[in-house]
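Data file: structure_33.cif. Format and content: mmCIF, C-alpha atoms.
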data_start
loop_
_atom_site.label_atom_id
_atom_site.label_comp_id
_atom_site.auth_asym_id
_atom_site.auth_seq_id
_atom_site.Cartn_x
_atom_site.Cartn_y
_atom_site.Cartn_z
CA MET A 1 165.58 -188.15 -81.31
CA SER A 2 164.83 -187.69 -84.97
CA ALA A 3 164.16 -184.44 -86.76
CA GLN A 4 160.51 -185.13 -86.08
CA SER A 5 160.95 -185.02 -82.30
CA GLN A 6 158.42 -182.79 -80.61
CA HIS A 7 159.16 -179.84 -78.35
CA GLU A 8 156.32 -178.63 -76.27
CA ASP A 9 155.49 -176.20 -73.59
CA PHE A 10 151.89 -176.15 -72.45
CA ALA A 11 151.49 -172.43 -72.37
CA GLY A 12 154.22 -171.51 -74.78
CA ASN A 13 155.07 -173.41 -77.90
CA ARG A 14 155.00 -176.70 -79.65
CA PHE A 15 157.12 -177.41 -82.69
CA THR A 16 159.40 -179.93 -84.32
CA ARG A 17 163.16 -179.67 -84.16
CA ARG A 18 163.28 -179.18 -87.93
CA GLN A 19 160.78 -176.34 -87.73
CA VAL A 20 162.89 -174.70 -85.04
CA LEU A 21 166.05 -174.93 -87.10
CA THR A 22 164.37 -173.68 -90.27
CA ALA A 23 162.62 -170.83 -88.53
CA ALA A 24 165.70 -169.93 -86.49
CA ALA A 25 167.76 -169.59 -89.64
CA ALA A 26 165.13 -167.33 -91.13
CA ALA A 27 164.31 -165.22 -88.11
CA GLY A 28 167.65 -165.16 -86.42
CA THR A 29 166.50 -165.54 -82.84
CA THR A 30 165.30 -168.51 -80.86
CA LEU A 31 162.32 -166.66 -79.46
CA ALA A 32 161.08 -165.56 -82.85
CA ALA A 33 161.76 -169.02 -84.17
CA SER A 34 159.60 -170.54 -81.48
CA ARG A 35 156.71 -168.25 -82.25
CA ALA A 36 157.01 -168.77 -85.98
CA ALA A 37 157.21 -172.51 -85.60
CA ALA A 38 154.22 -172.61 -83.31
CA GLN A 39 152.14 -170.84 -85.92
CA LEU A 40 153.05 -173.27 -88.67
CA GLY A 41 150.45 -175.60 -87.24
CA VAL A 42 150.56 -178.20 -89.96
CA SER A 43 153.87 -179.92 -90.46
CA ARG A 44 155.10 -179.75 -94.06
CA ASP A 45 157.83 -182.31 -93.48
CA LEU A 46 155.82 -185.21 -94.89
CA PRO A 47 153.20 -185.68 -97.58
CA ASN A 48 149.60 -185.76 -96.47
CA VAL A 49 148.14 -189.05 -95.30
CA SER A 50 145.98 -190.82 -97.88
CA PRO A 51 142.48 -192.09 -97.15
CA ALA A 52 142.37 -195.61 -95.78
CA PRO A 53 139.82 -198.39 -96.33
CA TYR A 54 138.73 -197.69 -92.76
CA LYS A 55 137.75 -194.41 -91.15
CA ARG A 56 140.33 -192.87 -88.89
CA ILE A 57 138.39 -191.67 -85.86
CA ALA A 58 140.60 -189.88 -83.36
CA ALA A 59 138.97 -190.39 -79.98
CA GLU A 60 140.75 -188.01 -77.59
CA GLU A 61 140.98 -184.62 -79.26
CA ALA A 62 141.06 -181.36 -77.35
CA TRP A 63 139.31 -178.06 -77.69
CA GLY A 64 138.28 -175.17 -75.43
CA PRO A 65 136.33 -171.91 -75.77
CA ILE A 66 138.17 -168.63 -75.38
CA GLU A 67 135.88 -167.73 -72.46
CA MET A 68 137.30 -170.65 -70.48
CA PHE A 69 140.91 -169.66 -71.15
CA ARG A 70 140.18 -166.08 -70.03
CA GLU A 71 138.70 -167.48 -66.82
CA TRP A 72 141.70 -169.79 -66.39
CA LYS A 73 143.91 -166.69 -66.59
CA ARG A 74 141.91 -165.03 -63.81
CA VAL A 75 142.35 -168.15 -61.65
CA LEU A 76 146.07 -168.33 -62.39
CA ASP A 77 146.54 -164.65 -61.59
CA SER A 78 144.95 -165.20 -58.17
CA ASN A 79 147.68 -167.79 -57.44
CA PRO A 80 145.30 -170.24 -55.66
CA ALA A 81 146.89 -172.37 -52.96
CA ASP A 82 144.70 -175.36 -53.87
CA GLU A 83 145.81 -175.54 -57.54
CA PRO A 84 149.60 -176.10 -57.45
CA GLY A 85 149.58 -178.45 -60.46
CA PHE A 86 147.46 -176.15 -62.61
CA ILE A 87 149.79 -173.24 -61.84
CA ALA A 88 152.88 -175.30 -62.62
CA LEU A 89 151.55 -176.45 -66.00
CA TRP A 90 149.79 -173.33 -67.27
CA ARG A 91 151.55 -170.42 -65.55
CA ASN A 92 152.47 -168.78 -68.88
CA LEU A 93 149.01 -169.03 -70.43
CA ASP A 94 148.22 -166.22 -72.85
CA PRO A 95 144.52 -166.77 -73.47
CA ALA A 96 144.14 -164.28 -76.31
CA GLY A 97 147.59 -164.67 -77.80
CA ASN A 98 148.81 -166.35 -80.92
CA THR A 99 151.33 -168.52 -79.12
CA GLY A 100 151.02 -171.93 -77.56
CA PHE A 101 148.06 -174.18 -78.00
CA THR A 102 145.20 -171.75 -77.46
CA PRO A 103 144.72 -170.74 -81.14
CA ARG A 104 144.36 -174.39 -82.15
CA LEU A 105 142.29 -175.30 -79.08
CA THR A 106 139.69 -172.58 -79.66
CA ASP A 107 139.38 -173.31 -83.38
CA LEU A 108 136.56 -175.59 -84.51
CA GLY A 109 136.61 -174.23 -88.04
CA PRO A 110 138.57 -174.62 -91.28
CA ASN A 111 142.04 -174.67 -89.70
CA ARG A 112 141.22 -177.70 -87.56
CA LEU A 113 139.54 -179.42 -90.49
CA ALA A 114 142.58 -178.71 -92.69
CA ALA A 115 144.88 -180.22 -90.06
CA MET A 116 142.63 -183.28 -89.93
CA ASP A 117 142.62 -183.54 -93.74
CA ALA A 118 146.41 -183.35 -93.88
CA ALA A 119 146.70 -186.12 -91.29
CA GLY A 120 144.02 -188.31 -92.84
CA ILE A 121 141.72 -187.99 -89.82
CA ASP A 122 138.08 -188.54 -90.80
CA MET A 123 136.56 -187.61 -87.45
CA GLN A 124 137.60 -186.11 -84.13
CA LEU A 125 135.90 -186.92 -80.85
CA LEU A 126 136.21 -183.55 -79.12
CA MET A 127 136.46 -182.89 -75.41
CA LEU A 128 137.00 -179.82 -73.26
CA THR A 129 140.71 -179.60 -72.61
CA ALA A 130 142.11 -180.28 -69.13
CA PRO A 131 141.57 -179.13 -66.45
CA GLY A 132 138.41 -177.71 -68.06
CA VAL A 133 135.97 -176.10 -65.66
CA GLN A 134 137.22 -178.10 -62.68
CA VAL A 135 139.43 -175.26 -61.38
CA PHE A 136 136.48 -172.86 -61.02
CA ASP A 137 133.90 -172.34 -58.30
CA ALA A 138 130.77 -174.45 -58.82
CA ALA A 139 128.60 -171.71 -60.33
CA THR A 140 131.23 -170.47 -62.77
CA GLY A 141 132.18 -174.02 -63.72
CA THR A 142 128.59 -175.06 -64.33
CA ALA A 143 127.89 -171.99 -66.50
CA ILE A 144 131.04 -172.27 -68.62
CA ALA A 145 130.51 -176.02 -69.07
CA ALA A 146 126.98 -175.47 -70.37
CA ASP A 147 128.09 -172.71 -72.73
CA SER A 148 130.99 -174.80 -74.04
CA ASN A 149 128.60 -177.71 -74.63
CA ASP A 150 126.34 -175.46 -76.69
CA GLN A 151 129.30 -174.28 -78.79
CA LEU A 152 130.63 -177.80 -79.28
CA ALA A 153 127.21 -179.18 -80.22
CA GLU A 154 126.81 -176.44 -82.83
CA ALA A 155 130.16 -177.38 -84.41
CA CYS A 156 129.11 -181.05 -84.42
CA ARG A 157 125.82 -180.13 -86.12
CA ASP A 158 127.71 -178.08 -88.72
CA HIS A 159 130.13 -180.93 -89.43
CA PRO A 160 128.33 -184.15 -88.47
CA ASP A 161 130.71 -186.35 -90.43
CA ARG A 162 133.86 -184.72 -88.98
CA TYR A 163 133.13 -183.91 -85.33
CA ALA A 164 131.52 -185.66 -82.40
CA GLY A 165 131.79 -184.33 -78.88
CA LEU A 166 131.59 -185.10 -75.17
CA VAL A 167 129.60 -183.27 -72.51
CA ALA A 168 131.66 -181.12 -70.13
CA VAL A 169 130.37 -180.87 -66.58
CA ALA A 170 131.44 -179.25 -63.31
CA PRO A 171 131.66 -182.06 -60.73
CA GLN A 172 131.77 -179.30 -58.08
CA ASP A 173 127.95 -179.35 -58.34
CA PRO A 174 127.03 -183.03 -58.84
CA ARG A 175 123.28 -182.41 -59.20
CA ARG A 176 123.73 -179.82 -61.95
CA ALA A 177 126.39 -181.97 -63.56
CA ALA A 178 123.98 -184.92 -63.74
CA LEU A 179 121.33 -182.70 -65.34
CA GLU A 180 123.87 -181.37 -67.85
CA ILE A 181 124.76 -184.92 -68.89
CA GLU A 182 121.11 -185.58 -69.70
CA ARG A 183 120.78 -182.28 -71.59
CA GLY A 184 124.05 -182.83 -73.43
CA VAL A 185 123.15 -186.32 -74.61
CA LYS A 186 119.42 -185.94 -75.24
CA ALA A 187 119.08 -182.32 -76.38
CA LEU A 188 122.54 -181.62 -77.84
CA GLY A 189 123.42 -185.03 -79.28
CA LEU A 190 126.77 -185.31 -77.52
CA LYS A 191 128.25 -188.77 -77.08
CA GLY A 192 129.71 -189.11 -73.60
CA VAL A 193 131.15 -187.16 -70.68
CA ILE A 194 134.59 -185.61 -70.18
CA ILE A 195 136.01 -185.54 -66.67
CA ASN A 196 139.45 -183.95 -66.45
CA SER A 197 140.49 -186.16 -63.54
CA HIS A 198 140.56 -184.73 -60.02
CA THR A 199 138.36 -181.82 -58.97
CA LYS A 200 140.05 -179.84 -56.19
CA GLY A 201 141.79 -183.05 -55.13
CA GLU A 202 138.65 -185.19 -55.14
CA TYR A 203 137.91 -188.25 -57.29
CA LEU A 204 134.80 -189.92 -58.72
CA SER A 205 135.39 -192.78 -56.28
CA ASP A 206 133.84 -190.45 -53.67
CA GLN A 207 130.12 -191.20 -53.32
CA LYS A 208 129.35 -187.46 -53.33
CA PHE A 209 129.89 -187.67 -57.13
CA TRP A 210 127.86 -190.81 -57.79
CA GLU A 211 124.87 -188.87 -59.11
CA ILE A 212 127.13 -188.06 -62.04
CA LEU A 213 127.91 -191.73 -62.59
CA GLU A 214 124.25 -192.64 -62.32
CA ALA A 215 123.35 -190.09 -65.01
CA ALA A 216 126.16 -191.28 -67.27
CA GLU A 217 125.01 -194.88 -66.96
CA ALA A 218 121.35 -193.98 -67.49
CA ASN A 219 122.17 -192.00 -70.65
CA ASP A 220 124.60 -194.64 -71.95
CA ALA A 221 127.27 -191.94 -71.94
CA PRO A 222 130.84 -193.23 -71.52
CA ILE A 223 132.97 -191.16 -69.14
CA TYR A 224 136.37 -190.21 -70.54
CA ILE A 225 138.84 -189.50 -67.75
CA HIS A 226 141.46 -187.21 -69.22
CA PRO A 227 144.71 -186.48 -67.37
CA ARG A 228 145.66 -183.36 -65.54
CA GLU A 229 148.45 -182.82 -63.06
CA PRO A 230 148.38 -184.98 -59.89
CA SER A 231 146.11 -183.71 -57.12
CA PRO A 232 147.39 -181.16 -54.59
CA ALA A 233 148.29 -183.63 -51.83
CA MET A 234 150.70 -185.54 -54.08
CA VAL A 235 151.84 -183.07 -56.71
CA LYS A 236 154.76 -181.34 -54.95
CA PRO A 237 157.54 -183.87 -55.66
CA PHE A 238 156.26 -184.15 -59.24
CA VAL A 239 156.53 -180.38 -59.77
CA ASP A 240 159.90 -180.27 -58.02
CA HIS A 241 161.25 -182.64 -60.67
CA ASP A 242 159.14 -181.27 -63.57
CA MET A 243 157.36 -184.64 -63.63
CA HIS A 244 153.77 -183.40 -63.41
CA ARG A 245 153.49 -183.86 -67.19
CA GLY A 246 152.94 -186.70 -69.65
CA ASP A 247 156.17 -188.39 -68.66
CA LEU A 248 154.67 -189.63 -65.38
CA GLY A 249 152.35 -187.25 -63.51
CA PHE A 250 149.41 -187.43 -65.92
CA GLY A 251 149.51 -191.22 -65.98
CA VAL A 252 149.84 -191.56 -62.21
CA GLU A 253 146.87 -189.24 -61.76
CA VAL A 254 144.52 -191.13 -64.12
CA ALA A 255 145.67 -194.61 -63.09
CA PHE A 256 145.03 -193.61 -59.48
CA HIS A 257 141.60 -192.25 -60.40
CA THR A 258 140.63 -195.37 -62.35
CA GLN A 259 141.84 -197.87 -59.77
CA ALA A 260 140.24 -195.88 -56.96
CA MET A 261 136.90 -196.06 -58.80
CA ILE A 262 137.26 -199.82 -59.28
CA TYR A 263 138.21 -200.40 -55.64
CA ALA A 264 135.36 -198.21 -54.35
CA GLY A 265 132.90 -200.51 -56.08
CA VAL A 266 131.78 -198.03 -58.75
CA PHE A 267 131.35 -200.79 -61.35
CA ASP A 268 129.57 -203.09 -58.90
CA ARG A 269 127.06 -200.32 -58.21
CA PHE A 270 126.86 -199.16 -61.86
CA PRO A 271 127.48 -202.34 -63.86
CA ASP A 272 126.66 -200.75 -67.24
CA LEU A 273 128.87 -197.67 -66.75
CA LYS A 274 131.57 -197.28 -69.39
CA LEU A 275 134.89 -195.57 -68.68
CA VAL A 276 137.54 -194.59 -71.24
CA ILE A 277 141.13 -193.71 -70.44
CA GLY A 278 143.85 -192.64 -72.85
CA HIS A 279 147.62 -192.85 -73.28
CA GLY A 280 147.61 -196.63 -73.60
CA GLY A 281 145.57 -197.04 -70.44
CA GLU A 282 147.90 -194.88 -68.35
CA GLY A 283 150.10 -197.84 -67.36
CA ILE A 284 147.28 -200.03 -66.07
CA PRO A 285 147.51 -202.76 -68.76
CA TYR A 286 151.22 -203.16 -68.03
CA ASN A 287 150.53 -203.37 -64.28
CA LEU A 288 147.36 -205.42 -64.51
CA TYR A 289 148.81 -208.71 -63.34
CA ARG A 290 150.21 -207.13 -60.20
CA ILE A 291 147.01 -205.17 -59.60
CA ASP A 292 145.02 -208.42 -59.64
CA ARG A 293 147.61 -210.25 -57.59
CA THR A 294 147.43 -207.80 -54.70
CA HIS A 295 143.64 -207.61 -54.73
CA PRO A 296 142.88 -210.31 -52.12
CA VAL A 297 144.85 -208.53 -49.38
CA ARG A 298 143.15 -205.18 -49.95
CA ARG A 299 141.16 -203.54 -47.16
CA PRO A 300 137.54 -204.77 -47.52
CA ASP A 301 136.06 -201.29 -47.93
CA GLN A 302 138.50 -200.67 -50.81
CA ARG A 303 138.05 -203.97 -52.62
CA SER A 304 135.71 -204.51 -55.57
CA LYS A 305 133.74 -207.73 -55.82
CA GLU A 306 135.68 -208.94 -58.83
CA LEU A 307 139.35 -208.65 -59.75
CA PRO A 308 140.29 -205.32 -61.39
CA SER A 309 141.03 -207.10 -64.69
CA TYR A 310 137.37 -208.09 -64.83
CA TYR A 311 136.29 -204.44 -65.00
CA MET A 312 139.14 -203.56 -67.36
CA ARG A 313 137.67 -206.08 -69.80
CA LYS A 314 134.00 -205.29 -69.10
CA ASN A 315 133.56 -201.58 -68.29
CA ILE A 316 136.77 -199.86 -69.33
CA TYR A 317 138.20 -198.97 -72.74
CA ILE A 318 141.53 -197.40 -73.60
CA THR A 319 142.85 -195.19 -76.40
CA ASN A 320 146.42 -194.81 -77.62
CA SER A 321 146.34 -191.01 -77.42
CA GLY A 322 149.90 -189.71 -77.39
CA VAL A 323 151.31 -193.23 -77.74
CA ALA A 324 151.71 -194.10 -81.43
CA TRP A 325 153.84 -197.08 -80.50
CA ALA A 326 153.14 -200.54 -81.88
CA PRO A 327 154.45 -202.52 -78.85
CA MET A 328 152.02 -200.68 -76.56
CA VAL A 329 149.03 -201.13 -78.87
CA LEU A 330 149.75 -204.84 -79.43
CA PHE A 331 150.30 -205.46 -75.71
CA ALA A 332 147.06 -203.70 -74.77
CA GLN A 333 145.14 -205.64 -77.42
CA GLN A 334 146.67 -208.85 -76.09
CA VAL A 335 145.76 -208.29 -72.43
CA LEU A 336 142.46 -206.38 -72.82
CA GLY A 337 141.12 -207.52 -76.21
CA VAL A 338 141.10 -205.98 -79.69
CA ASP A 339 137.59 -204.66 -79.07
CA ARG A 340 138.77 -202.43 -76.20
CA VAL A 341 141.61 -200.39 -77.74
CA LEU A 342 140.67 -197.23 -79.70
CA TYR A 343 142.78 -194.95 -81.86
CA ALA A 344 143.40 -191.35 -80.74
CA MET A 345 145.83 -188.62 -81.75
CA ASP A 346 145.68 -186.01 -78.94
CA TYR A 347 145.28 -183.01 -81.24
CA PRO A 348 146.57 -180.32 -80.95
CA TYR A 349 148.99 -181.36 -78.22
CA GLN A 350 150.51 -184.15 -80.29
CA TYR A 351 149.87 -183.41 -83.94
CA ASP A 352 152.36 -185.53 -85.82
CA ILE A 353 151.51 -186.94 -89.23
CA GLU A 354 154.32 -189.48 -89.00
CA GLU A 355 152.47 -191.09 -86.10
CA VAL A 356 149.42 -191.72 -88.30
CA HIS A 357 151.66 -193.58 -90.74
CA ALA A 358 153.06 -195.60 -87.83
CA MET A 359 149.58 -196.68 -86.71
CA ASP A 360 148.49 -197.47 -90.29
CA ALA A 361 151.47 -199.82 -90.40
CA LEU A 362 150.54 -201.77 -87.25
CA PRO A 363 151.31 -205.45 -87.86
CA ILE A 364 147.73 -206.61 -87.29
CA SER A 365 144.98 -207.90 -89.56
CA TYR A 366 142.78 -205.56 -91.56
CA ASP A 367 139.79 -206.50 -89.41
CA ASP A 368 141.63 -205.65 -86.19
CA LYS A 369 142.92 -202.39 -87.68
CA LYS A 370 139.42 -201.34 -88.67
CA MET A 371 138.25 -202.01 -85.10
CA PHE A 372 141.16 -199.96 -83.75
CA PHE A 373 140.67 -196.94 -86.04
CA GLN A 374 136.92 -196.96 -86.54
CA THR A 375 134.40 -199.48 -85.29
CA ASN A 376 135.41 -199.63 -81.62
CA ALA A 377 134.90 -195.85 -81.35
CA GLU A 378 131.62 -196.04 -83.28
CA ARG A 379 130.33 -198.73 -80.92
CA VAL A 380 131.58 -197.32 -77.60
CA PHE A 381 130.53 -193.71 -78.32
CA ASN A 382 127.42 -194.55 -80.35
CA LEU A 383 128.69 -192.60 -83.36
CA SER A 384 126.56 -194.34 -85.96
CA ALA A 385 124.18 -191.40 -86.28
CA ALA A 386 127.07 -189.09 -87.07
CA ALA A 387 128.99 -191.59 -89.19
CA THR A 388 126.74 -191.88 -92.20
CA THR A 389 129.11 -190.83 -94.98
CA MET B 1 169.68 -226.82 -46.48
CA THR B 2 167.38 -223.89 -45.79
CA ALA B 3 163.72 -223.86 -46.72
CA ASP B 4 164.41 -221.14 -49.26
CA ARG B 5 167.08 -223.17 -50.98
CA ARG B 6 164.92 -226.30 -51.04
CA THR B 7 162.07 -224.29 -52.53
CA LEU B 8 164.23 -222.83 -55.23
CA LEU B 9 165.63 -226.22 -56.17
CA LYS B 10 162.15 -227.70 -56.22
CA TYR B 11 161.16 -225.20 -58.85
CA GLY B 12 164.35 -225.59 -60.82
CA LEU B 13 165.49 -222.02 -60.38
CA ALA B 14 169.23 -221.65 -60.75
CA SER B 15 169.30 -218.10 -59.47
CA PHE B 16 167.27 -215.91 -57.14
CA ALA B 17 164.98 -214.95 -59.97
CA ALA B 18 161.85 -212.84 -59.77
CA LEU B 19 159.50 -215.08 -57.86
CA ASP B 20 159.37 -212.61 -54.95
CA TYR B 21 159.53 -215.41 -52.38
CA PRO B 22 158.09 -215.56 -49.77
CA TYR B 23 155.67 -212.74 -50.61
CA GLN B 24 154.48 -214.34 -53.81
CA MET B 25 154.82 -218.08 -54.08
CA ASP B 26 152.66 -220.01 -56.52
CA ASP B 27 153.17 -223.19 -58.51
CA PHE B 28 151.20 -221.83 -61.43
CA GLU B 29 153.41 -218.76 -61.77
CA VAL B 30 156.55 -220.86 -62.24
CA VAL B 31 154.74 -222.98 -64.80
CA ALA B 32 153.45 -219.82 -66.50
CA THR B 33 156.93 -218.36 -66.72
CA ASP B 34 158.33 -221.71 -67.94
CA THR B 35 155.81 -221.70 -70.77
CA VAL B 36 156.26 -218.08 -71.86
CA PRO B 37 156.16 -218.24 -75.68
CA ILE B 38 159.77 -217.36 -76.47
CA PRO B 39 162.66 -219.41 -77.92
CA TYR B 40 164.80 -221.62 -75.68
CA GLU B 41 167.74 -219.22 -75.95
CA ASP B 42 165.66 -216.28 -74.73
CA LYS B 43 164.14 -218.38 -71.96
CA LYS B 44 167.58 -219.35 -70.75
CA LYS B 45 168.54 -215.67 -70.62
CA LEU B 46 165.40 -214.83 -68.65
CA PHE B 47 165.84 -217.60 -66.12
CA GLN B 48 169.58 -217.92 -65.89
CA THR B 49 172.28 -216.21 -67.87
CA ASN B 50 171.09 -212.60 -67.51
CA ALA B 51 171.18 -212.98 -63.74
CA GLU B 52 174.54 -214.78 -63.86
CA ARG B 53 176.02 -211.96 -65.91
CA LEU B 54 174.48 -209.07 -63.97
CA PHE B 55 175.22 -210.39 -60.49
CA ASN B 56 178.45 -212.19 -61.33
CA LEU B 57 177.04 -215.56 -60.28
#

Any chance you could put this one into structure tokens?
Amino acid sequence: MSAQSQHEDFAGNRFTRRQVLTAAAAAGTTLAASRAAAQLGVSRDLPNVSPAPYKRIAAEEAWGPIEMFREWKRVLDSNPADEPGFIALWRNLDPAGNTGFTPRLTDLGPNRLAAMDAAGIDMQLLMLTAPGVQVFDAATGTAIAADSNDQLAEACRDHPDRYAGLVAVAPQDPRRAALEIERGVKALGLKGVIINSHTKGEYLSDQKFWEILEAAEANDAPIYIHPREPSPAMVKPFVDHDMHRGDLGFGVEVAFHTQAMIYAGVFDRFPDLKLVIGHGGEGIPYNLYRIDRTHPVRRPDQRSKELPSYYMRKNIYITNSGVAWAPMVLFAQQVLGVDRVLYAMDYPYQYDIEEVHAMDALPISYDDKKMFFQTNAERVFNLSAAATT
Amino acid sequence: MTADRRTLLKYGLASFAALDYPYQMDDFEVVATDTVPIPYEDKKKLFQTNAERLFNL
């Protein structure tokens, strides 16, 4: 890996190798170096990214209120048997500390804007970071989701040309979640819904959640399914091999969720529902031929009316969050269409200015690049009202 | 000659390539792979010489 390679620990630190070496030389110990590097925030290794003739809208950017992280800590401290993945990923969470991601996740102010400026990001589409409120009981989850939506909407009103946001809901209470979608879109001006994949091992393919889908469709609010660790019944071998992360577990979890929704007939029942998945489509574009090919032999109650590729090109959009890799972007554009692939950075988890340069240099036409960075996101998330500058 | 061998010869496959016979057997897939937009040299590697080298054929 190059000097720009990223080191990350969800609850601990994230830093580049060069930052580690520089800070280690100065501070003398690895631990101090890690802390110092984590607080650097903005990489100084490269010059800032210049404005482009298109807007760079980053469509899968994370935030979270401090109240949620404090509540996460309470859940983690209770060592719940039904959240093995959450415990494995976030066991070292320090909600009030200055280490790890929490300082950058809670910030919706000048530090985040400065990081965006340095990376040439015009706008972030913000969503409550995984697993959000989905590890809480229904009442707690519903309350914290509503409060976080109020905070996020206020930041979007303060910076309408820099931030847009998604509605967080607690699927544990589908009725309240459906009402919160309507409030979030109509009263708060938010642009879609964030679902941090499974809720206590359950997926939106289950009809108990379809009120949520109905509300999303009725409010023209795309649902972004963001990864978390695989659900309890399948997570053990992933954790045993430290594979519950972005290397495989996150993608398996979201690909499973998406395909399960397709197979359950979600998009036959809700034909105008839009779904967005990140990380290059979590492997689905690469597997799409085989997914279609096995469709005819599927059990009838788990078989959508059309082939899965039909819904991938009609209802589902992908972002390249965390995957600033030209072969992936070009392949996804080839198999899904240039109108279905959106740019994303995955701030603050993957804040790497070099990756913005890499995506600016994609070997595609100007028109296609503008769709990728700007107009696809504006269209899918109805950002025109907030994109007036 | 076995049915498998006849089938493979019919489709011009020199090695037991990735058709996944008999689970997945379609005329159009062989045609699709034949027409993959890559140079002749790369196509020969895909269909033939990579397998010959890997499996010592």

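Atom pair atom CA of Pro171 of chain A / atom CA of Gly100 of chain A has a distance of 27.6 Å (rounded to one decimal).
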
Hey, list the chain A side of the contact with chain B: 12 Å cut-off, all atoms listed in the file, answer as a list of chain:residue names.
A:Tyr289, A:Arg290, A:Arg293, A:Thr294, A:Val297

Interatomic distance between atom CA of Asn315 of chain A and atom CA of Lys200 of chain A?
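Separating atom CA of Asn315 of chain A from atom CA of Lys200 of chain A is a distance of 25.7 Å.
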
Atom pair atom CA of Lys314 of chain A / atom CA of Ala218 of chain A: separation (Å)
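Atom-to-atom, atom CA of Lys314 of chain A to atom CA of Ala218 of chain A, that is 17.0 Å.
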
Quick one: residues within 9 Å of segment 233-247 of chain A, all atoms listed in the file, excluding same-chain residues fewer than 3 positions away - as JSON, numbers by chain?
{"A": [84, 85, 88, 89, 201, 227, 228, 229, 230, 250, 251, 279, 322]}

Counting all atoms listed in the file, select every polymer residue within 12 Å of (157.1, -217.5, -64.8) as defined in the file's coordinates, and provide the selection as an MDAnalysis selection string.
chainID B and resid 11:13 17:20 24:38 43 46:47

Excluding Pro271 of chain A and its own-chain neighbours fewer than 3 positions away, which residues fall within 10 Å of it when counting only C-alpha atoms? Please give them as a PyMOL selection string.
chain A and resi 217+265-268+274+311+314-315

So which residues touch segment 59-73 of chain A within 7 Å, counting only C-alpha atoms, skipping near sequence neighbours fewer than 2 positions away, as a list in words?
Ile57, Val75, Leu76, Asp77, Leu93, Pro95, Leu105, Thr106, Gln124, Leu125, Leu126, Met127, Leu128, Thr129, Ile144, Ser148, Ser321, Tyr343, Ala344, Met345, Asp346, Tyr347, Pro348 and Ala377 of chain A
